[in-house]
Amino acid sequence: MSEPYPRRAAVTGIGVVAPNGNGTDAFWKSTEAGLSVLGRVTREGCEHLPLRVAGEIRDFEATTAVEERYLVQTDRFTHFALAAADRALDDAGLGRADTDEAPFSVGVVTAAGSGGGEFGQRELQQLWGKGSRFVGPYQSIAWFYAASTGQISIRRGFKGPCGVVASDEAGGLDALAHAARAVRRGTDVLVAGSTEAPLAPYSVVCQLGYPELSTEEDPTRAYRPFTSAACGFVPAEGGAMLVVEDEGSARERGAEVRARIAGHAATFTGAGRWERSREGLAHAVRGALAEARCAPEEIDVVFADALGVPEADRAEALAIADVFGAHGRRVPVTAPKTGIGRAYGAAPVLDVAAAVLAMRHGVIPPTPNVFDVCHDLDLVTGAARAAEPRTALVLSRGLMGSNSALVLRHGAA
């Protein structure tokens, strides 16, 4: 009797809602071109706040992407998630008929950094301005971290294992790792990822407490990691959802295997202790490589966390050198997020989407707005670099001290 094939987690669908592209194709074209869309904050109520530059999504119409019954009970971050999930499922070739047949075989896991701040602010303003009778019943659920997971599963009828990861910005990678583990343990399909909407006035005021936040007024200078002019990060909204499923099952139904989630590891080094993140991030990278059974010299590109804080940038550059420099090698590094901003928990998921697409198209996208690199990194700047990346490493760190690393292999590898 032959042994059953080992279950491996494959990415078969990608759905993106990002400042540089409403849709995966638009996102990739802008990312490959190194387009920067950072601009002045235009959201109502933010005009007089110190945050001047952000990555806003200007071409998303929630009313055309989400049904009214879900629209009224959810926040903007969940609107993004619902739209991205639909796109990812369509991209994977999983229509309603396919998933309706076995609802317990499909689960959802998302990550969230702050939840639904815009919805919560609106309801609290109603409470204090008009009274409790003007507060809707959905205030109790729309702001919650788990709202996107719950609404995707309810709307699509998914009854498999569901969850939410709240582990700082690194939670985006942790959610994908959670999905990969669920697939290896027997679940057929997971819709996984993260979306954020942190640009409502209340949310922005909360972020002003982060010393790492950039308040530079020039969009071309506001977010320049790995340079002597680094002055913090620029926030962004949006994110991505991926379809993660068993590779064998995906190939049997004729789906395109875009990539495999090969390895992951996470560590914690504490808030504001950026010098310590060197050791923690390097340890996470080694753990992810070990799980993927991948030698350091096999990594073709690193998608950096790129916080934009001098101490944090130095720690990340040294962590990369600790892992790869010992092998006498400078691995290509990129940080496309400098063109769209750092979307908290969704930032590394957008990096994963970019990494999968980079492997598919044979190119490493550049790091917008960054030229004068002051660290010993082979940072891809200016224009995309022709390459044939087969294995990618995505890094993420959170402001509260989480570190995460994820190894992706090309679907044909």
# chains A, B, ... in the order shown; residues from 1 in each chain; ligands from 1
call {"tool": "residues_around", "arguments": {"residues": "Gly280 in chain A", "least_positions_apart": "3", "cutoff": "12 Å", "atoms": "only C-alpha atoms", "output": "PyMOL selection string"}}
result
chain A and resi 265-270+273-277+283-287+315-316+318-320+322-323+395-398+401-405
call {"tool": "select_by_dssp", "arguments": {"residues": "range 37-146 of chain A", "states": "helix (DSSP H, G or I)", "output": "PyMOL selection string"}}
result
chain A and resi 62-65+68-71+76-91+96-100+103-105+117-130+132-134+139-142
call {"tool": "select_by_dssp", "arguments": {"residues": "range 87-136 of chain A", "states": "strand (DSSP E)", "output": "PyMOL selection string"}}
result
chain A and resi 106-111
call {"tool": "residues_around", "arguments": {"residues": "Pro137 in chain A", "least_positions_apart": "4", "cutoff": "12 Å", "atoms": "only C-alpha atoms", "output": "compact mmCIF listing (two decimals) with all heavy atoms, in the first residue's frame"}}
result
# COMPACT_ATOMS: atom_id res chain seq x y z
N VAL A 72 -23.30 47.88 5.84
CA VAL A 72 -23.73 48.71 6.97
C VAL A 72 -23.24 48.19 8.32
O VAL A 72 -23.28 48.93 9.30
CB VAL A 72 -25.27 48.83 7.00
CG1 VAL A 72 -25.78 49.50 5.74
CG2 VAL A 72 -25.92 47.46 7.19
N GLN A 73 -22.79 46.96 8.37
CA GLN A 73 -22.37 46.41 9.65
C GLN A 73 -20.86 46.19 9.75
O GLN A 73 -20.39 45.53 10.67
CB GLN A 73 -23.10 45.09 9.93
CG GLN A 73 -22.92 44.02 8.86
CD GLN A 73 -23.77 42.78 9.14
OE1 GLN A 73 -23.43 41.97 10.00
NE2 GLN A 73 -24.88 42.65 8.44
N THR A 74 -20.12 46.75 8.81
CA THR A 74 -18.67 46.52 8.78
C THR A 74 -17.90 47.81 8.56
O THR A 74 -18.41 48.78 8.00
CB THR A 74 -18.30 45.52 7.68
OG1 THR A 74 -18.89 45.95 6.44
CG2 THR A 74 -18.77 44.12 8.01
N PHE A 119 -15.34 53.03 11.91
CA PHE A 119 -16.70 52.69 12.33
C PHE A 119 -16.89 53.06 13.80
O PHE A 119 -17.90 53.67 14.18
CB PHE A 119 -16.95 51.19 12.12
CG PHE A 119 -18.39 50.78 12.19
CD1 PHE A 119 -19.10 50.47 11.04
CD2 PHE A 119 -19.06 50.71 13.40
CE1 PHE A 119 -20.43 50.08 11.08
CE2 PHE A 119 -20.38 50.32 13.47
CZ PHE A 119 -21.08 50.01 12.30
N GLY A 120 -15.91 52.71 14.61
CA GLY A 120 -16.00 53.01 16.04
C GLY A 120 -16.06 54.49 16.31
O GLY A 120 -16.84 54.95 17.17
N GLU A 123 -19.59 55.87 15.47
CA GLU A 123 -20.62 55.50 16.43
C GLU A 123 -20.44 56.25 17.76
O GLU A 123 -21.42 56.64 18.41
CB GLU A 123 -20.60 53.99 16.67
CG GLU A 123 -21.00 53.17 15.44
CD GLU A 123 -22.39 53.51 14.96
OE1 GLU A 123 -23.37 53.20 15.67
OE2 GLU A 123 -22.52 54.09 13.87
N SER A 132 -27.58 57.64 23.04
CA SER A 132 -27.42 56.20 22.85
C SER A 132 -28.39 55.61 21.84
O SER A 132 -28.10 54.57 21.22
CB SER A 132 -27.59 55.48 24.20
OG SER A 132 -28.88 55.75 24.73
N ARG A 133 -29.55 56.25 21.63
CA ARG A 133 -30.52 55.71 20.68
C ARG A 133 -30.03 55.82 19.24
O ARG A 133 -30.59 55.21 18.34
CB ARG A 133 -31.86 56.45 20.83
CG ARG A 133 -32.53 56.22 22.17
CD ARG A 133 -33.81 56.99 22.29
NE ARG A 133 -34.80 56.55 21.30
CZ ARG A 133 -35.99 57.14 21.14
NH1 ARG A 133 -36.32 58.18 21.89
NH2 ARG A 133 -36.84 56.69 20.24
N ILE A 141 -19.50 44.84 17.05
CA ILE A 141 -18.73 43.84 16.29
C ILE A 141 -17.87 44.44 15.18
O ILE A 141 -16.86 43.86 14.80
CB ILE A 141 -19.66 42.78 15.66
CG1 ILE A 141 -20.67 43.43 14.70
CG2 ILE A 141 -20.38 41.99 16.75
CD1 ILE A 141 -21.46 42.42 13.88
N ALA A 142 -18.24 45.61 14.65
CA ALA A 142 -17.55 46.12 13.47
C ALA A 142 -16.11 46.54 13.75
O ALA A 142 -15.25 46.45 12.88
CB ALA A 142 -18.32 47.31 12.89
N TRP A 143 -15.83 47.00 14.97
CA TRP A 143 -14.49 47.47 15.30
C TRP A 143 -13.55 46.31 15.63
O TRP A 143 -12.33 46.46 15.62
CB TRP A 143 -14.53 48.39 16.52
CG TRP A 143 -14.86 47.63 17.79
CD1 TRP A 143 -16.10 47.41 18.31
CD2 TRP A 143 -13.93 46.99 18.67
NE1 TRP A 143 -16.02 46.65 19.46
CE2 TRP A 143 -14.69 46.38 19.71
CE3 TRP A 143 -12.56 46.86 18.69
CZ2 TRP A 143 -14.10 45.66 20.75
CZ3 TRP A 143 -11.97 46.13 19.74
CH2 TRP A 143 -12.75 45.54 20.75
call {"tool": "residues_around", "arguments": {"residues": "Phe226 in chain A", "least_positions_apart": "5", "cutoff": "12 Å", "atoms": "only C-alpha atoms", "output": "PyMOL selection string"}}
result
chain A and resi 231-233+304-318+333-335+338+367-381
call {"tool": "residues_around", "arguments": {"residues": "Gly15 in chain A", "least_positions_apart": "3", "cutoff": "9 Å", "atoms": "only C-alpha atoms", "output": "PyMOL selection string"}}
result
chain A and resi 23-24+83-91+239-243+353
call {"tool": "write_last_selection", "arguments": {"atoms": "all heavy atoms", "output": "mmCIF file, in the first residue's frame"}}
result
data_model
loop_
_atom_site.group_PDB
_atom_site.id
_atom_site.type_symbol
_atom_site.label_atom_id
_atom_site.label_comp_id
_atom_site.auth_asym_id
_atom_site.auth_seq_id
_atom_site.Cartn_x
_atom_site.Cartn_y
_atom_site.Cartn_z
ATOM 1 N N GLY A 23 -6.658 45.863 -7.316
ATOM 2 C CA GLY A 23 -6.642 44.628 -8.088
ATOM 3 C C GLY A 23 -5.218 44.139 -8.230
ATOM 4 O O GLY A 23 -4.262 44.939 -8.226
ATOM 5 N N THR A 24 -5.046 42.838 -8.355
ATOM 6 C CA THR A 24 -3.706 42.248 -8.363
ATOM 7 C C THR A 24 -2.879 42.703 -9.559
ATOM 8 O O THR A 24 -1.696 43.030 -9.419
ATOM 9 C CB THR A 24 -3.820 40.714 -8.346
ATOM 10 O OG1 THR A 24 -4.589 40.320 -7.199
ATOM 11 C CG2 THR A 24 -2.445 40.072 -8.254
ATOM 12 N N ALA A 83 -13.607 42.356 -0.353
ATOM 13 C CA ALA A 83 -13.300 42.504 -1.771
ATOM 14 C C ALA A 83 -12.070 41.693 -2.156
ATOM 15 O O ALA A 83 -12.050 41.013 -3.191
ATOM 16 C CB ALA A 83 -13.083 43.982 -2.106
ATOM 17 N N ALA A 84 -11.022 41.750 -1.327
ATOM 18 C CA ALA A 84 -9.792 41.013 -1.627
ATOM 19 C C ALA A 84 -10.015 39.508 -1.580
ATOM 20 O O ALA A 84 -9.456 38.757 -2.386
ATOM 21 C CB ALA A 84 -8.687 41.418 -0.649
ATOM 22 N N ALA A 85 -10.840 39.046 -0.650
ATOM 23 C CA ALA A 85 -11.139 37.615 -0.561
ATOM 24 C C ALA A 85 -11.869 37.128 -1.804
ATOM 25 O O ALA A 85 -11.574 36.055 -2.341
ATOM 26 C CB ALA A 85 -11.961 37.325 0.693
ATOM 27 N N ASP A 86 -12.840 37.916 -2.278
ATOM 28 C CA ASP A 86 -13.554 37.554 -3.503
ATOM 29 C C ASP A 86 -12.571 37.422 -4.669
ATOM 30 O O ASP A 86 -12.638 36.468 -5.465
ATOM 31 C CB ASP A 86 -14.601 38.614 -3.844
ATOM 32 C CG ASP A 86 -15.851 38.510 -2.982
ATOM 33 O OD1 ASP A 86 -16.020 37.489 -2.294
ATOM 34 O OD2 ASP A 86 -16.654 39.468 -3.006
ATOM 35 N N ARG A 87 -11.671 38.374 -4.783
ATOM 36 C CA ARG A 87 -10.714 38.360 -5.886
ATOM 37 C C ARG A 87 -9.767 37.181 -5.782
ATOM 38 O O ARG A 87 -9.411 36.559 -6.789
ATOM 39 C CB ARG A 87 -9.932 39.673 -5.903
ATOM 40 C CG ARG A 87 -10.789 40.864 -6.271
ATOM 41 C CD ARG A 87 -10.071 42.178 -6.050
ATOM 42 N NE ARG A 87 -10.939 43.301 -6.402
ATOM 43 C CZ ARG A 87 -10.639 44.570 -6.165
ATOM 44 N NH1 ARG A 87 -9.490 44.879 -5.591
ATOM 45 N NH2 ARG A 87 -11.484 45.529 -6.523
ATOM 46 N N ALA A 88 -9.332 36.875 -4.567
ATOM 47 C CA ALA A 88 -8.422 35.747 -4.380
ATOM 48 C C ALA A 88 -9.097 34.434 -4.751
ATOM 49 O O ALA A 88 -8.498 33.560 -5.401
ATOM 50 C CB ALA A 88 -7.924 35.711 -2.937
ATOM 51 N N LEU A 89 -10.345 34.256 -4.337
ATOM 52 C CA LEU A 89 -11.074 33.031 -4.652
ATOM 53 C C LEU A 89 -11.325 32.909 -6.156
ATOM 54 O O LEU A 89 -11.192 31.823 -6.727
ATOM 55 C CB LEU A 89 -12.390 32.998 -3.877
ATOM 56 C CG LEU A 89 -12.237 32.732 -2.375
ATOM 57 C CD1 LEU A 89 -13.484 33.180 -1.615
ATOM 58 C CD2 LEU A 89 -11.961 31.256 -2.109
ATOM 59 N N ASP A 90 -11.660 34.012 -6.790
ATOM 60 C CA ASP A 90 -11.831 33.995 -8.247
ATOM 61 C C ASP A 90 -10.514 33.657 -8.937
ATOM 62 O O ASP A 90 -10.483 32.882 -9.906
ATOM 63 C CB ASP A 90 -12.337 35.353 -8.735
ATOM 64 C CG ASP A 90 -13.789 35.625 -8.353
ATOM 65 O OD1 ASP A 90 -14.492 34.658 -7.985
ATOM 66 O OD2 ASP A 90 -14.204 36.798 -8.413
ATOM 67 N N ASP A 91 -9.420 34.240 -8.432
ATOM 68 C CA ASP A 91 -8.112 33.993 -9.016
ATOM 69 C C ASP A 91 -7.716 32.528 -8.891
ATOM 70 O O ASP A 91 -7.056 31.967 -9.766
ATOM 71 C CB ASP A 91 -7.082 34.887 -8.324
ATOM 72 C CG ASP A 91 -5.733 34.865 -9.018
ATOM 73 O OD1 ASP A 91 -5.699 34.893 -10.258
ATOM 74 O OD2 ASP A 91 -4.705 34.806 -8.310
ATOM 75 N N GLY A 239 -4.553 46.057 1.710
ATOM 76 C CA GLY A 239 -3.975 44.772 2.068
ATOM 77 C C GLY A 239 -4.237 43.727 1.011
ATOM 78 O O GLY A 239 -4.576 44.034 -0.135
ATOM 79 N N ALA A 240 -4.074 42.479 1.412
ATOM 80 C CA ALA A 240 -4.227 41.374 0.461
ATOM 81 C C ALA A 240 -4.764 40.148 1.169
ATOM 82 O O ALA A 240 -4.540 39.947 2.365
ATOM 83 C CB ALA A 240 -2.886 41.046 -0.196
ATOM 84 N N MET A 241 -5.485 39.326 0.418
ATOM 85 C CA MET A 241 -5.941 38.023 0.877
ATOM 86 C C MET A 241 -5.436 36.981 -0.115
ATOM 87 O O MET A 241 -5.406 37.228 -1.335
ATOM 88 C CB MET A 241 -7.468 37.964 0.964
ATOM 89 C CG MET A 241 -8.088 38.975 1.933
ATOM 90 S SD MET A 241 -7.612 38.738 3.655
ATOM 91 C CE MET A 241 -8.406 37.166 3.987
ATOM 92 N N LEU A 242 -5.023 35.836 0.405
ATOM 93 C CA LEU A 242 -4.517 34.753 -0.422
ATOM 94 C C LEU A 242 -5.371 33.508 -0.216
ATOM 95 O O LEU A 242 -5.933 33.295 0.864
ATOM 96 C CB LEU A 242 -3.065 34.420 -0.067
ATOM 97 C CG LEU A 242 -2.050 35.570 -0.017
ATOM 98 C CD1 LEU A 242 -0.677 35.016 0.333
ATOM 99 C CD2 LEU A 242 -2.008 36.324 -1.326
ATOM 100 N N VAL A 243 -5.448 32.686 -1.246
ATOM 101 C CA VAL A 243 -6.021 31.349 -1.095
ATOM 102 C C VAL A 243 -4.869 30.384 -0.902
ATOM 103 O O VAL A 243 -3.968 30.296 -1.743
ATOM 104 C CB VAL A 243 -6.856 30.945 -2.328
ATOM 105 C CG1 VAL A 243 -7.260 29.473 -2.235
ATOM 106 C CG2 VAL A 243 -8.095 31.826 -2.425
ATOM 107 N N ALA A 353 2.445 38.845 -1.552
ATOM 108 C CA ALA A 353 1.827 38.904 -2.885
ATOM 109 C C ALA A 353 2.843 39.362 -3.922
ATOM 110 O O ALA A 353 2.945 38.781 -5.017
ATOM 111 C CB ALA A 353 0.630 39.850 -2.863
#
call {"tool": "residues_around", "arguments": {"residues": "range 192-205 of chain A", "least_positions_apart": "3", "cutoff": "8 Å", "atoms": "only C-alpha atoms", "output": "JSON, numbers by chain"}}
result
{"A": [43, 44, 45, 46, 49, 51, 56, 76, 77, 78, 80, 81, 108, 109, 110, 111, 112, 113, 114, 115, 116, 117, 118, 121, 172, 175, 176, 179, 208, 209, 235, 236, 237, 238, 239, 240, 241, 242, 243, 244, 343, 344, 345, 346, 349]}
call {"tool": "residues_around", "arguments": {"residues": "Glu32 in chain A", "least_positions_apart": "2", "cutoff": "8 Å", "atoms": "only C-alpha atoms", "output": "PyMOL selection string"}}
result
chain A and resi 28-30+34-35+363-366+384
call {"tool": "closest_residue", "arguments": {"among": "A:Ala250, A:Val183, A:Ala62, A:Met400", "to": "Arg7 in chain A", "atoms": "only C-alpha atoms"}}
result
A:Val183
call {"tool": "closest_residue", "arguments": {"among": "A:Glu291, A:Asp25, A:Glu256, A:Glu67", "to": "Gln151 in chain A", "atoms": "only C-alpha atoms"}}
result
A:Glu67
call {"tool": "atom_distance", "arguments": {"atom1": "CA of Ala9 in chain A", "atom2": "CA of His264 in chain A"}}
result
12.0 Å
call {"tool": "atom_distance", "arguments": {"atom1": "CA of Arg96 in chain A", "atom2": "CA of Asp188 in chain A"}}
result
15.1 Å
call {"tool": "closest_residue", "arguments": {"among": "A:Leu71, A:Leu213, A:Met359, A:Ala180", "to": "Pro50 in chain A", "atoms": "only C-alpha atoms"}}
result
A:Leu213
call {"tool": "atom_distance", "arguments": {"atom1": "CA of Ile299 in chain A", "atom2": "CA of Leu393 in chain A"}}
result
6.7 Å
call {"tool": "closest_residue", "arguments": {"among": "A:Ala54, A:Ala412, A:Leu124, A:Val302", "to": "Glu247 in chain A", "atoms": "only C-alpha atoms"}}
result
A:Ala412
call {"tool": "closest_residue", "arguments": {"among": "A:Ala354, A:Ser249, A:Lys159, A:Asp174", "to": "Ala26 in chain A", "atoms": "only C-alpha atoms"}}
result
A:Ala354
call {"tool": "closest_residue", "arguments": {"among": "A:Ala290, A:Leu357, A:Leu190, A:Cys206", "to": "Ala262 in chain A", "atoms": "only C-alpha atoms"}}
result
A:Ala290
